[in-house]
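Q: My structure file entry-v9.txt, compact mmCIF, C-alpha atoms and all ligand atoms, is below:
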```txt
# COMPACT_ATOMS: atom_id res chain seq x y z
CA MET A 18 88.47 60.25 107.17
CA ASN A 19 91.59 58.18 107.68
CA ILE A 20 93.86 58.52 104.68
CA LEU A 21 96.93 56.52 103.73
CA ILE A 22 99.38 57.83 101.12
CA LEU A 23 101.98 55.46 99.67
CA GLY A 24 105.41 56.81 98.72
CA SER A 25 108.40 58.71 100.02
CA GLY A 26 109.20 61.50 97.58
CA GLY A 27 108.47 65.15 96.95
CA ARG A 28 105.29 64.15 95.15
CA GLU A 29 103.99 62.39 98.28
CA HIS A 30 104.99 65.30 100.54
CA ALA A 31 102.97 67.60 98.27
CA LEU A 32 100.00 65.21 98.22
CA ALA A 33 100.11 65.03 102.02
CA TRP A 34 100.35 68.81 102.33
CA ALA A 35 97.30 69.32 100.09
CA VAL A 36 95.23 66.56 101.72
CA LEU A 37 95.84 68.07 105.17
CA GLN A 38 94.21 71.32 104.06
CA ASN A 39 90.92 69.55 103.55
CA PRO A 40 88.76 69.38 106.70
CA LYS A 41 87.63 65.87 105.71
CA CYS A 42 91.07 64.57 106.68
CA ASP A 43 91.10 63.42 110.32
CA ARG A 44 94.16 61.20 110.27
CA LEU A 45 96.92 61.05 107.67
CA ILE A 46 99.48 58.27 107.43
CA VAL A 47 102.24 58.16 104.83
CA ALA A 48 104.20 54.98 104.14
CA PRO A 49 107.14 55.11 104.28
CA GLY A 50 107.40 58.94 104.10
CA ASN A 51 110.54 61.02 104.68
CA ALA A 52 111.88 63.65 107.08
CA GLY A 53 109.68 66.43 105.70
CA ILE A 54 106.56 64.30 105.62
CA ALA A 55 107.19 63.25 109.24
CA GLU A 56 106.76 66.90 110.26
CA ILE A 57 103.16 66.99 109.03
CA ALA A 58 101.88 63.39 109.11
CA GLU A 59 102.34 60.01 110.74
CA CYS A 60 104.85 57.84 108.92
CA ALA A 61 104.51 54.04 108.87
CA GLU A 62 107.12 51.49 107.83
CA LEU A 63 105.08 49.34 105.45
CA ASP A 64 106.09 47.36 102.39
CA ILE A 65 104.28 49.41 99.76
CA LEU A 66 104.63 46.65 97.14
CA ASP A 67 102.77 44.06 99.25
CA GLY A 68 99.11 44.55 98.41
CA ALA A 69 97.76 41.84 100.75
CA ALA A 70 99.67 43.16 103.76
CA LEU A 71 98.63 46.73 102.96
CA ALA A 72 94.99 45.68 102.71
CA ASP A 73 95.17 43.97 106.12
CA TRP A 74 96.84 46.97 107.69
CA ALA A 75 94.38 49.39 106.12
CA CYS A 76 91.41 47.36 107.41
CA GLU A 77 92.83 47.24 110.95
CA GLU A 78 93.50 50.97 110.97
CA SER A 79 90.09 51.81 109.42
CA VAL A 80 91.67 53.54 106.45
CA ASP A 81 89.00 55.06 104.19
CA ILE A 82 91.12 55.73 101.13
CA VAL A 83 94.61 54.88 99.93
CA ILE A 84 96.33 57.34 97.59
CA VAL A 85 99.11 55.65 95.65
CA GLY A 86 101.98 58.00 94.71
CA PRO A 87 104.49 55.99 92.61
CA GLU A 88 104.00 53.53 89.75
CA ALA A 89 105.71 50.46 91.21
CA PRO A 90 102.92 49.54 93.69
CA LEU A 91 100.33 50.03 90.94
CA ALA A 92 102.19 47.74 88.54
CA ALA A 93 102.49 45.24 91.42
CA GLY A 94 98.71 45.10 91.86
CA VAL A 95 98.36 47.03 95.12
CA ALA A 96 95.20 48.80 93.91
CA ASP A 97 93.66 45.45 92.98
CA ALA A 98 94.34 44.01 96.46
CA LEU A 99 92.89 47.08 98.19
CA THR A 100 89.80 47.13 95.97
CA GLU A 101 89.21 43.46 96.67
CA ALA A 102 89.37 44.22 100.40
CA GLY A 103 86.73 46.92 99.95
CA ILE A 104 89.05 49.89 100.49
CA ALA A 105 88.77 52.91 98.21
CA VAL A 106 91.96 53.52 96.29
CA PHE A 107 93.21 56.35 94.11
CA GLY A 108 95.26 54.62 91.43
CA PRO A 109 94.65 52.09 88.66
CA SER A 110 94.63 48.29 88.61
CA ALA A 111 97.76 46.43 87.50
CA ALA A 112 96.07 45.74 84.16
CA ALA A 113 95.46 49.46 83.57
CA ALA A 114 98.89 50.40 84.94
CA ARG A 115 100.37 48.66 81.88
CA LEU A 116 99.85 52.02 80.18
CA GLU A 117 103.04 53.01 82.01
CA ALA A 118 104.64 49.64 82.74
CA SER A 119 104.78 48.61 79.07
CA LYS A 120 105.53 51.10 76.32
CA ALA A 121 104.68 48.46 73.72
CA PHE A 122 101.21 48.04 75.27
CA THR A 123 100.54 51.79 75.03
CA LYS A 124 101.72 51.82 71.41
CA GLU A 125 99.32 49.01 70.63
CA ILE A 126 96.40 50.86 72.25
CA CYS A 127 97.29 54.01 70.29
CA ALA A 128 97.42 52.03 67.05
CA ALA A 129 94.02 50.46 67.80
CA VAL A 130 92.33 53.88 68.06
CA GLY A 131 94.53 55.93 65.72
CA ALA A 132 95.94 58.20 68.43
CA PRO A 133 98.97 60.19 67.20
CA THR A 134 102.28 58.92 68.61
CA ALA A 135 105.75 58.19 67.25
CA ALA A 136 106.18 55.21 64.93
CA TYR A 137 107.94 52.37 66.71
CA ALA A 138 109.26 48.84 66.55
CA ARG A 139 109.94 46.42 69.40
CA PHE A 140 112.90 44.05 69.79
CA ASP A 141 113.94 41.30 72.13
CA ALA A 142 117.35 40.65 70.53
CA LEU A 143 120.32 42.89 69.77
CA ALA A 144 121.08 41.95 66.14
CA PRO A 145 117.72 42.91 64.57
CA ALA A 146 117.64 46.08 66.70
CA LEU A 147 121.09 47.10 65.41
CA ALA A 148 119.92 46.41 61.85
CA HIS A 149 116.82 48.56 62.45
CA VAL A 150 118.80 51.64 63.53
CA ALA A 151 121.30 51.19 60.66
CA ASP A 152 118.94 52.92 58.23
CA HIS A 153 116.50 54.66 60.61
CA PRO A 154 116.24 58.45 60.19
CA LEU A 155 118.10 60.44 62.88
CA PRO A 156 117.63 61.36 65.65
CA VAL A 157 116.25 58.01 66.76
CA VAL A 158 114.87 57.19 70.20
CA VAL A 159 115.89 54.01 72.05
CA LYS A 160 113.91 52.96 75.14
CA ALA A 161 113.73 50.11 77.56
CA ASP A 162 110.23 48.59 77.50
CA GLY A 163 109.26 48.65 81.14
CA LEU A 164 109.57 50.79 84.24
CA ALA A 165 112.95 52.55 84.13
CA ALA A 166 112.32 55.56 86.43
CA GLY A 167 112.77 57.98 83.53
CA LYS A 168 116.31 56.81 82.87
CA GLY A 169 115.75 54.17 80.19
CA VAL A 170 115.53 56.58 77.24
CA THR A 171 118.25 57.72 74.82
CA VAL A 172 117.53 60.31 72.15
CA ALA A 173 120.41 59.39 69.82
CA GLU A 174 121.71 62.02 67.39
CA THR A 175 124.11 59.54 65.74
CA ARG A 176 123.96 55.87 64.79
CA ASP A 177 126.89 55.11 67.06
CA GLU A 178 125.01 56.60 70.01
CA ALA A 179 121.93 54.53 69.15
CA LYS A 180 124.00 51.37 68.85
CA ALA A 181 125.76 52.01 72.15
CA ALA A 182 122.38 52.51 73.84
CA LEU A 183 121.09 49.25 72.37
CA ARG A 184 124.19 47.35 73.50
CA ALA A 185 123.80 48.74 77.02
CA LEU A 186 120.10 47.79 77.19
CA PHE A 187 120.63 44.30 75.78
CA ALA A 188 123.45 43.68 78.27
CA GLU A 189 120.58 42.94 80.69
CA PRO A 190 119.17 39.43 80.28
CA GLY A 191 115.62 39.36 78.94
CA ALA A 192 115.73 42.98 77.77
CA GLU A 193 112.87 44.29 75.63
CA VAL A 194 113.55 47.45 73.72
CA VAL A 195 111.45 49.91 71.75
CA ILE A 196 112.96 51.96 68.93
CA GLU A 197 110.95 55.06 68.10
CA ALA A 198 110.90 57.88 65.59
CA PHE A 199 111.93 61.24 67.05
CA LEU A 200 109.11 63.71 67.71
CA ALA A 201 110.06 67.37 67.33
CA GLY A 202 108.28 70.11 69.28
CA GLU A 203 107.74 71.28 72.84
CA GLU A 204 106.85 68.87 75.64
CA ALA A 205 104.09 69.30 78.18
CA SER A 206 102.75 67.14 80.99
CA PHE A 207 98.95 67.06 80.89
CA PHE A 208 97.13 65.54 83.88
CA CYS A 209 93.64 64.05 83.70
CA LEU A 210 91.56 62.31 86.32
CA VAL A 211 89.85 59.30 84.79
CA ASP A 212 87.22 56.90 86.08
CA GLY A 213 86.44 54.54 83.26
CA GLU A 214 85.23 56.71 80.41
CA THR A 215 84.85 59.98 82.32
CA VAL A 216 87.90 62.20 81.81
CA LEU A 217 88.35 65.34 83.91
CA PRO A 218 91.28 67.50 82.78
CA LEU A 219 93.19 68.54 85.88
CA GLY A 220 95.84 70.84 84.50
CA SER A 221 99.17 71.09 82.80
CA ALA A 222 102.79 71.51 83.79
CA GLN A 223 106.20 71.45 82.22
CA ASP A 224 109.08 69.52 83.66
CA HIS A 225 112.82 70.06 83.14
CA LYS A 226 114.16 66.56 82.69
CA ARG A 227 117.77 67.36 81.81
CA ILE A 228 120.35 67.99 84.52
CA GLY A 229 121.89 71.04 82.82
CA GLU A 230 120.70 74.58 82.23
CA GLY A 231 119.17 75.22 78.81
CA ASP A 232 117.88 71.61 78.90
CA THR A 233 121.27 69.98 78.27
CA GLY A 234 123.03 66.89 79.60
CA PRO A 235 121.63 63.57 80.80
CA ASN A 236 118.00 62.95 81.72
CA THR A 237 116.99 62.97 85.38
CA GLY A 238 113.76 62.31 87.21
CA GLY A 239 113.04 66.05 86.82
CA MET A 240 114.99 69.09 88.02
CA GLY A 241 112.07 71.48 88.31
CA ALA A 242 108.62 72.21 86.98
CA TYR A 243 106.05 74.91 86.55
CA SER A 244 102.30 74.98 86.06
CA PRO A 245 100.42 75.82 83.91
CA ALA A 246 102.35 75.13 80.68
CA PRO A 247 101.55 77.93 78.22
CA VAL A 248 102.09 75.59 75.24
CA MET A 249 98.97 73.75 76.47
CA THR A 250 96.42 76.16 74.99
CA ALA A 251 92.68 75.45 75.13
CA GLU A 252 92.84 74.23 71.52
CA VAL A 253 95.79 71.90 72.15
CA GLU A 254 93.97 70.55 75.22
CA ARG A 255 90.83 69.93 73.20
CA ARG A 256 92.80 68.07 70.53
CA ALA A 257 94.72 66.02 73.11
CA LEU A 258 91.44 64.98 74.75
CA ASP A 259 89.62 64.22 71.48
CA GLU A 260 92.45 62.57 69.57
CA ILE A 261 94.40 60.81 72.35
CA VAL A 262 92.98 60.65 75.88
CA ARG A 263 89.27 59.88 75.35
CA PRO A 264 89.75 57.29 72.57
CA THR A 265 92.46 55.42 74.50
CA MET A 266 90.46 55.46 77.74
CA ALA A 267 87.40 54.15 75.84
CA GLU A 268 89.60 51.38 74.40
CA MET A 269 90.70 50.41 77.94
CA VAL A 270 87.02 50.15 78.95
CA ARG A 271 86.26 48.12 75.83
CA ARG A 272 89.05 45.67 76.76
CA GLY A 273 87.62 45.20 80.24
CA THR A 274 90.49 47.03 81.97
CA PRO A 275 89.12 50.53 82.65
CA PHE A 276 91.61 53.08 83.94
CA ARG A 277 90.88 54.77 87.25
CA GLY A 278 93.24 57.33 88.74
CA VAL A 279 95.39 60.14 87.44
CA LEU A 280 96.61 59.79 83.89
CA PHE A 281 99.84 61.68 83.18
CA VAL A 282 99.75 62.41 79.48
CA GLY A 283 103.27 63.20 78.20
CA LEU A 284 102.76 65.22 75.02
CA MET A 285 104.97 66.60 72.28
CA ILE A 286 103.33 69.61 70.65
CA GLU A 287 104.35 70.89 67.23
CA ASP A 288 102.43 73.62 65.39
CA GLY A 289 99.48 73.13 67.73
CA ALA A 290 99.27 69.37 67.11
CA PRO A 291 99.77 67.11 70.14
CA ALA A 292 101.32 63.63 69.89
CA LEU A 293 101.62 61.16 72.75
CA VAL A 294 105.18 60.59 74.02
CA GLU A 295 104.12 58.38 76.88
CA TYR A 296 101.47 57.69 79.47
CA ASN A 297 102.22 57.46 83.17
CA VAL A 298 99.62 56.21 85.62
CA ARG A 299 100.46 58.57 88.51
CA PHE A 300 101.28 62.21 89.15
CA GLY A 301 104.63 63.44 87.84
CA ASP A 302 107.35 64.36 90.26
CA PRO A 303 108.04 67.35 90.42
CA GLU A 304 104.92 68.37 88.44
CA CYS A 305 102.73 67.21 91.34
CA GLN A 306 104.35 69.71 93.70
CA CYS A 307 103.16 72.55 91.42
CA LEU A 308 99.69 71.10 90.91
CA MET A 309 99.11 70.52 94.64
CA MET A 310 100.37 74.01 95.46
CA ARG A 311 97.73 75.38 93.10
CA LEU A 312 94.87 73.00 94.00
CA GLY A 313 95.23 72.95 97.79
CA GLY A 314 92.55 71.11 99.77
CA GLN A 315 90.23 70.43 96.80
CA ALA A 316 92.79 67.85 95.61
CA LEU A 317 91.38 65.39 98.16
CA ASP A 318 87.78 65.92 96.99
CA LEU A 319 88.86 65.31 93.40
CA MET A 320 90.83 62.16 94.24
CA LEU A 321 87.86 60.88 96.28
CA ALA A 322 85.44 61.55 93.42
CA CYS A 323 87.80 59.67 91.10
CA ALA A 324 88.22 56.70 93.45
CA GLU A 325 84.46 56.47 94.03
CA GLY A 326 83.49 56.80 90.37
CA ARG A 327 81.85 60.22 90.82
CA LEU A 328 84.04 62.21 88.43
CA ALA A 329 81.13 63.10 86.12
CA GLU A 330 79.86 65.48 88.82
CA ALA A 331 83.27 66.83 89.91
CA ARG A 332 84.64 70.29 89.02
CA VAL A 333 88.15 71.73 89.29
CA ASN A 334 88.31 75.29 90.62
CA TRP A 335 91.47 76.80 89.22
CA ALA A 336 92.72 80.16 90.33
CA ASP A 337 94.47 82.22 87.67
CA ASP A 338 97.84 81.55 89.27
CA HIS A 339 101.21 79.93 88.62
CA ALA A 340 103.47 77.62 90.57
CA VAL A 341 107.17 76.80 90.27
CA CYS A 342 109.12 73.96 91.86
CA VAL A 343 112.94 74.15 91.95
CA VAL A 344 114.60 70.82 92.71
CA MET A 345 117.79 70.66 94.74
CA ALA A 346 119.72 67.47 93.99
CA ALA A 347 122.90 65.91 95.38
CA ARG A 348 126.08 66.90 93.52
CA GLY A 349 126.82 64.14 90.97
CA TYR A 350 123.17 63.22 90.33
CA PRO A 351 121.99 61.56 88.04
CA GLY A 352 125.33 59.70 88.34
CA PRO A 353 126.80 58.55 91.68
CA TYR A 354 126.36 61.10 94.46
CA ALA A 355 127.26 61.53 98.12
CA LYS A 356 124.71 60.74 100.83
CA GLY A 357 124.41 61.76 104.45
CA GLY A 358 125.24 65.47 104.19
CA GLU A 359 123.39 67.68 106.67
CA ILE A 360 120.87 70.18 105.31
CA GLY A 361 120.57 73.43 107.26
CA GLY A 362 118.32 76.46 107.01
CA LEU A 363 115.10 74.50 106.58
CA ASP A 364 113.45 75.66 109.80
CA ALA A 365 113.73 79.30 108.76
CA LEU A 366 112.01 78.77 105.39
CA PRO A 367 108.52 80.20 104.96
CA ARG A 368 105.68 77.68 105.00
CA ASP A 369 102.24 78.97 104.14
CA SER A 370 99.58 78.47 101.49
CA ARG A 371 101.96 79.88 98.86
CA ARG A 372 105.36 78.48 99.78
CA MET A 373 106.58 75.09 100.88
CA ALA A 374 109.85 73.14 100.88
CA PHE A 375 108.80 69.64 99.86
CA HIS A 376 111.24 66.91 100.87
CA ALA A 377 112.20 64.09 98.50
CA GLY A 378 115.35 62.21 99.54
CA THR A 379 115.73 63.18 103.20
CA ALA A 380 115.86 61.39 106.53
CA LEU A 381 116.22 62.40 110.17
CA ARG A 382 119.53 61.44 111.88
CA ASP A 383 119.92 62.45 115.53
CA GLY A 384 117.34 65.17 115.05
CA ARG A 385 119.03 66.61 111.96
CA VAL A 386 117.82 66.46 108.36
CA VAL A 387 120.29 64.69 106.08
CA ALA A 388 120.28 64.00 102.33
CA THR A 389 119.59 60.39 101.39
CA GLY A 390 118.59 60.54 97.72
CA GLY A 391 119.48 62.02 94.34
CA ARG A 392 116.68 64.55 94.27
CA VAL A 393 116.46 65.91 97.79
CA LEU A 394 114.26 69.01 98.03
CA GLY A 395 111.56 70.70 95.91
CA LEU A 396 111.25 74.38 96.78
CA THR A 397 107.77 75.24 95.58
CA ALA A 398 105.96 78.56 95.41
CA ARG A 399 102.78 79.99 93.95
CA GLY A 400 102.33 83.49 92.57
CA ALA A 401 100.08 85.72 90.48
CA THR A 402 102.65 85.48 87.69
CA LEU A 403 105.19 82.86 86.72
CA ALA A 404 108.03 85.28 87.47
CA GLU A 405 106.66 85.94 90.97
CA ALA A 406 106.39 82.21 91.68
CA ARG A 407 109.88 81.60 90.30
CA ASP A 408 111.43 84.38 92.42
CA ALA A 409 109.78 83.03 95.57
CA ALA A 410 110.95 79.48 94.86
CA TYR A 411 114.56 80.58 94.27
CA ALA A 412 114.49 82.76 97.38
CA MET A 413 113.78 79.59 99.36
CA ALA A 414 116.41 77.59 97.50
CA ASP A 415 119.03 80.26 98.22
CA ALA A 416 118.23 80.12 101.93
CA VAL A 417 118.96 76.38 102.13
CA ASP A 418 122.36 75.62 103.64
CA TRP A 419 123.49 72.42 101.93
CA PRO A 420 126.99 72.46 100.44
CA ASP A 421 126.42 69.22 98.46
CA GLY A 422 123.28 70.59 96.80
CA ILE A 423 122.98 71.61 93.15
CA MET A 424 120.09 73.14 91.21
CA ARG A 425 119.27 74.58 87.85
CA ARG A 426 118.92 78.34 87.77
CA ASP A 427 116.61 78.46 84.75
CA ILE A 428 113.42 76.68 85.77
CA GLY A 429 110.58 78.09 83.67
CA TRP A 430 112.83 79.58 80.98
CA ARG A 431 110.71 78.57 78.01
CA ALA A 432 107.52 80.05 79.40
CA LEU A 433 109.23 83.16 80.81
CA GLY A 434 110.77 83.82 77.38
CA ARG A 435 107.46 83.72 75.54
P1 LIG A 501 109.75 58.70 78.36
O1 LIG A 501 110.35 57.91 79.47
O2 LIG A 501 109.14 57.89 77.26
O3 LIG A 501 108.93 59.85 78.82
O4 LIG A 501 111.00 59.48 77.70
C1 LIG A 501 111.74 60.39 78.47
C2 LIG A 501 112.00 61.62 77.64
O5 LIG A 501 112.67 61.30 76.42
C3 LIG A 501 110.74 62.33 77.20
O6 LIG A 501 110.23 63.15 78.19
C4 LIG A 501 111.23 63.09 75.99
O7 LIG A 501 111.93 64.25 76.40
C5 LIG A 501 112.21 62.15 75.38
N1 LIG A 501 111.53 61.33 74.36
C6 LIG A 501 110.97 60.13 74.53
N2 LIG A 501 110.43 59.68 73.36
C7 LIG A 501 110.66 60.62 72.44
C8 LIG A 501 110.35 60.75 71.05
N3 LIG A 501 109.73 59.78 70.37
N4 LIG A 501 110.74 61.87 70.43
C9 LIG A 501 111.40 62.84 71.10
N5 LIG A 501 111.71 62.79 72.39
C10 LIG A 501 111.36 61.69 73.08
N1 LIG A 502 108.60 64.34 86.09
C1 LIG A 502 108.47 63.21 85.25
C2 LIG A 502 107.96 62.01 85.90
O1 LIG A 502 107.48 62.04 87.02
O2 LIG A 502 107.99 60.97 85.27
```
Hey, can you dump this file as structure tokens for me?
A:
Amino acid sequence: MNILILGSGGREHALAWAVLQNPKCDRLIVAPGNAGIAEIAECAELDILDGAALADWACEESVDIVIVGPEAPLAAGVADALTEAGIAVFGPSAAAARLEASKAFTKEICAAVGAPTAAYARFDALAPALAHVADHPLPVVVKADGLAAGKGVTVAETRDEAKAALRALFAEPGAEVVIEAFLAGEEASFFCLVDGETVLPLGSAQDHKRIGEGDTGPNTGGMGAYSPAPVMTAEVERRALDEIVRPTMAEMVRRGTPFRGVLFVGLMIEDGAPALVEYNVRFGDPECQCLMMRLGGQALDLMLACAEGRLAEARVNWADDHAVCVVMAARGYPGPYAKGGEIGGLDALPRDSRRMAFHAGTALRDGRVVATGGRVLGLTARGATLAEARDAAYAMADAVDWPDGIMRRDIGWRALGR
């Protein structure tokens, strides 16, 4: 098969790495890719938001399936254009991608089927939003309604903080803002493959969104992850499927916009009861790095079954193992950071079925790997225990020679402390 993956981050490097382990893959192209991806696959400079151009290119190159990594192409209708051109695609239509692109839409779907999620109100003007937080219980959550790359959310402990967040969001013309009740508990990322009404649970992970150790400081795209998440017990999974995932997916079918692809179910779990924090319509980054490390080549078979509507007959073969991904980011991230610094030591890192340095923001300059993004590397390892996987991931991180690089030292702390 000829396979095209869209994206340029650590998630796409991990997807490419897993797909290549499947003998069905004859040719793998990643657009646009990065320095790490270029070592294992062809990279193509394509506009990944232009569905019509992608469909033409995919037809000319006899691409059999397109795997869409990030949300932006999905929200832009790339899956629709590919489907129309008769090309199999792993990723939902633009209409179904609203589950991520519009928080208000997801809230409405939850309300329609009674799925547990935080109470909310939506505003398109500053004054009524300020009035709403004036007597809202604290903490209160203020979010941009739309794609904000994980950075549009403030969990405000004080009214002043909430008001400042509202003023910042409404400084943008046409802003739409959601104000939500705070959900207490422990978060988990739960991944399901969905084709219409068939839901196949794929596994769980936990992300570390804050920049600082002990989960402190500003939110980032994710500073590390591990899989599985022990908070996601069989009973919590059953409840999440019965109370949240299956009813909302049935509602999407009922509305004529069935979801097809990977559903990233962001849950808050308190006393064994899951509530929906958010849906995303793609794999998480860096959760994907852990999932792919554990799934290996079967990931392609599962994505194919999903894209072709054959999920009802698909099975996931999980080993009883654990994976950890430690993210190295550029000093300063998630604020302004330096670019262009050379990264050494990569060639000497182990790369086998248990250990891999996935690249995120890297590029090749004169044959050397340089940092080009905020999150730059995801050192990922698998082990029989979480501690073994963690030690192997940090051993790789410590062998990277990149003076501008920072990382958290405590990835996995909640689960390791259990
Ligand atoms: P989101 O972009 O909606 O996933 O929000 C980013 C992060 O903010 C989540 O992963 C949570 O850590 C936090 N968050 C969002 N909404 C809530 C909520 N209602 N209660 C508590 N924490 C939240
Ligand atoms: N790791 C969180 C996300 O991908 O949104």
Q: Which neighbours of range 77-92 of chain A fall inside 8 Å, counting all atoms listed in the file, when residues of the same chain fewer than 3 positions from it are skipped, and could you give them as a PyMOL selection string?
A: chain A and resi 18-24+28-29+65-68+73-74+95-96+104-112+114-115+117-118+164+297-300+321
Q: Can you measure CA of Leu217 in chain A to CA of Ile428 in chain A for me? One decimal in Å is fine.
A: 27.6 Å
Q: For each of A:Gly384, A:Pro367, A:Gly289, A:Gly422, take the minimum atom-to-atom distance to Thr397 in chain A, counting only C-alpha atoms, then give the residue where this is smallest.
A: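 Of all the options, A:Pro367 lies closest to Thr397 in chain A.
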Q: Once you count all atoms listed in the file, which residues end up within 10 Å of ligand LIG 502 (chain A), and could you hand them over as JSON, numbers by chain?
A: {"A": [28, 87, 88, 117, 165, 166, 167, 168, 206, 222, 223, 224, 225, 226, 237, 238, 239, 240, 241, 242, 281, 283, 295, 296, 297, 298, 299, 300, 301, 302, 303, 304, 305]}
Q: Just want the residues within 6 Å of ligand LIG 501 (chain A), written as a ChimeraX atom specification, counting only C-alpha atoms and all ligand atoms.
A: /A:135,158,167,170,197-200,294-295
Q: Do you know which residues lie at most 6 Å from (116.7, 58.6, 96.3), with coordinates as in the file and all atoms listed in the file counted, and could you write them as an MDAnalysis selection string?
A: chainID A and resid 378 390:391
Q: Grab the residues selected above and save them as a PDB file, keeping the file's coordinate frame with C-alpha atoms.
A:
```
ATOM      1  CA  GLY A 378     115.350  62.210  99.540  1.00  0.00           C
ATOM      2  CA  GLY A 390     118.590  60.540  97.720  1.00  0.00           C
ATOM      3  CA  GLY A 391     119.480  62.020  94.340  1.00  0.00           C
TER       4      GLY A 391
END
```
Q: Might you pull out every residue within 8 Å of Arg407 in chain A, with all atoms listed in the file counted and same-chain residues fewer than 5 positions away left off, and present them as JSON, numbers by chain?
A: {"A": [340, 341, 342, 398, 428, 429]}
Q: Which residues come within 12 Å of Arg256 in chain A, counting only C-alpha atoms, excluding same-chain residues fewer than 3 positions away, as a list in words?
A: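 Skipping anything fewer than 3 positions along the chain leaves Ala132, Pro133, Met249, Thr250, Ala251, Glu252, Val253, Asp259, Glu260, Ile261, Val262, Arg263, Pro264, Leu284, Ile286, Gly289, Ala290, Pro291, Ala292 and Leu293 of chain A.
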Q: Keeping only C-alpha atoms, take the residues you just selected and write them out as a PDB file, in the coordinates of the input.
A:
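Generated file (selection.pdb):
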```
ATOM      1  CA  ALA A 132      95.940  58.200  68.430  1.00  0.00           C
ATOM      2  CA  PRO A 133      98.970  60.190  67.200  1.00  0.00           C
ATOM      3  CA  MET A 249      98.970  73.750  76.470  1.00  0.00           C
ATOM      4  CA  THR A 250      96.420  76.160  74.990  1.00  0.00           C
ATOM      5  CA  ALA A 251      92.680  75.450  75.130  1.00  0.00           C
ATOM      6  CA  GLU A 252      92.840  74.230  71.520  1.00  0.00           C
ATOM      7  CA  VAL A 253      95.790  71.900  72.150  1.00  0.00           C
ATOM      8  CA  ASP A 259      89.620  64.220  71.480  1.00  0.00           C
ATOM      9  CA  GLU A 260      92.450  62.570  69.570  1.00  0.00           C
ATOM     10  CA  ILE A 261      94.400  60.810  72.350  1.00  0.00           C
ATOM     11  CA  VAL A 262      92.980  60.650  75.880  1.00  0.00           C
ATOM     12  CA  ARG A 263      89.270  59.880  75.350  1.00  0.00           C
ATOM     13  CA  PRO A 264      89.750  57.290  72.570  1.00  0.00           C
ATOM     14  CA  LEU A 284     102.760  65.220  75.020  1.00  0.00           C
ATOM     15  CA  ILE A 286     103.330  69.610  70.650  1.00  0.00           C
ATOM     16  CA  GLY A 289      99.480  73.130  67.730  1.00  0.00           C
ATOM     17  CA  ALA A 290      99.270  69.370  67.110  1.00  0.00           C
ATOM     18  CA  PRO A 291      99.770  67.110  70.140  1.00  0.00           C
ATOM     19  CA  ALA A 292     101.320  63.630  69.890  1.00  0.00           C
ATOM     20  CA  LEU A 293     101.620  61.160  72.750  1.00  0.00           C
TER      21      LEU A 293
END
```
Q: Give me, as an MDAnalysis selection string, all polymer residues having an atom no more than 6 Å from Gly395 in chain A, counting only C-alpha atoms and skipping those fewer than 5 positions away in the same chain.
A: chainID A and resid 342:344 374:375
Q: Can you work out which one of A:Pro154, A:Cys209, A:Leu403, A:Thr100 has the shortest atom-to-atom distance to Ala72 in chain A, counting all atoms listed in the file?
A: A:Thr100
Q: In Å, rounded to a single decimal, give me how far CA of Asp43 in chain A is from CA of Ala322 in chain A.
A: 17.9 Å
Q: Smallest atom-to-atom distance to Ala61 in chain A: which of A:Ser25, A:Thr134, A:Ser370, A:Asn39, using all atoms listed in the file?
A: A:Ser25
Q: Which of these residues is nearest to Val248 in chain A, using all atoms listed in the file: A:Cys42, A:Met345, A:Ala113, A:Leu433?
A: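 The answer is A:Leu433, which sits nearest to Val248 in chain A.
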Q: Applying 9 Å and all atoms listed in the file, which residues near Leu37 in chain A remain after dropping the ones on its own chain fewer than 3 positions away? List them as a ChimeraX atom specification.
A: /A:32-34,40-45,57-58,313-314,317
Q: Separation of CA of Leu63 in chain A and CA of Gln306 in chain A, in Å?
A: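 About the pair CA of Leu63 in chain A and CA of Gln306 in chain A: they are 23.5 Å apart.
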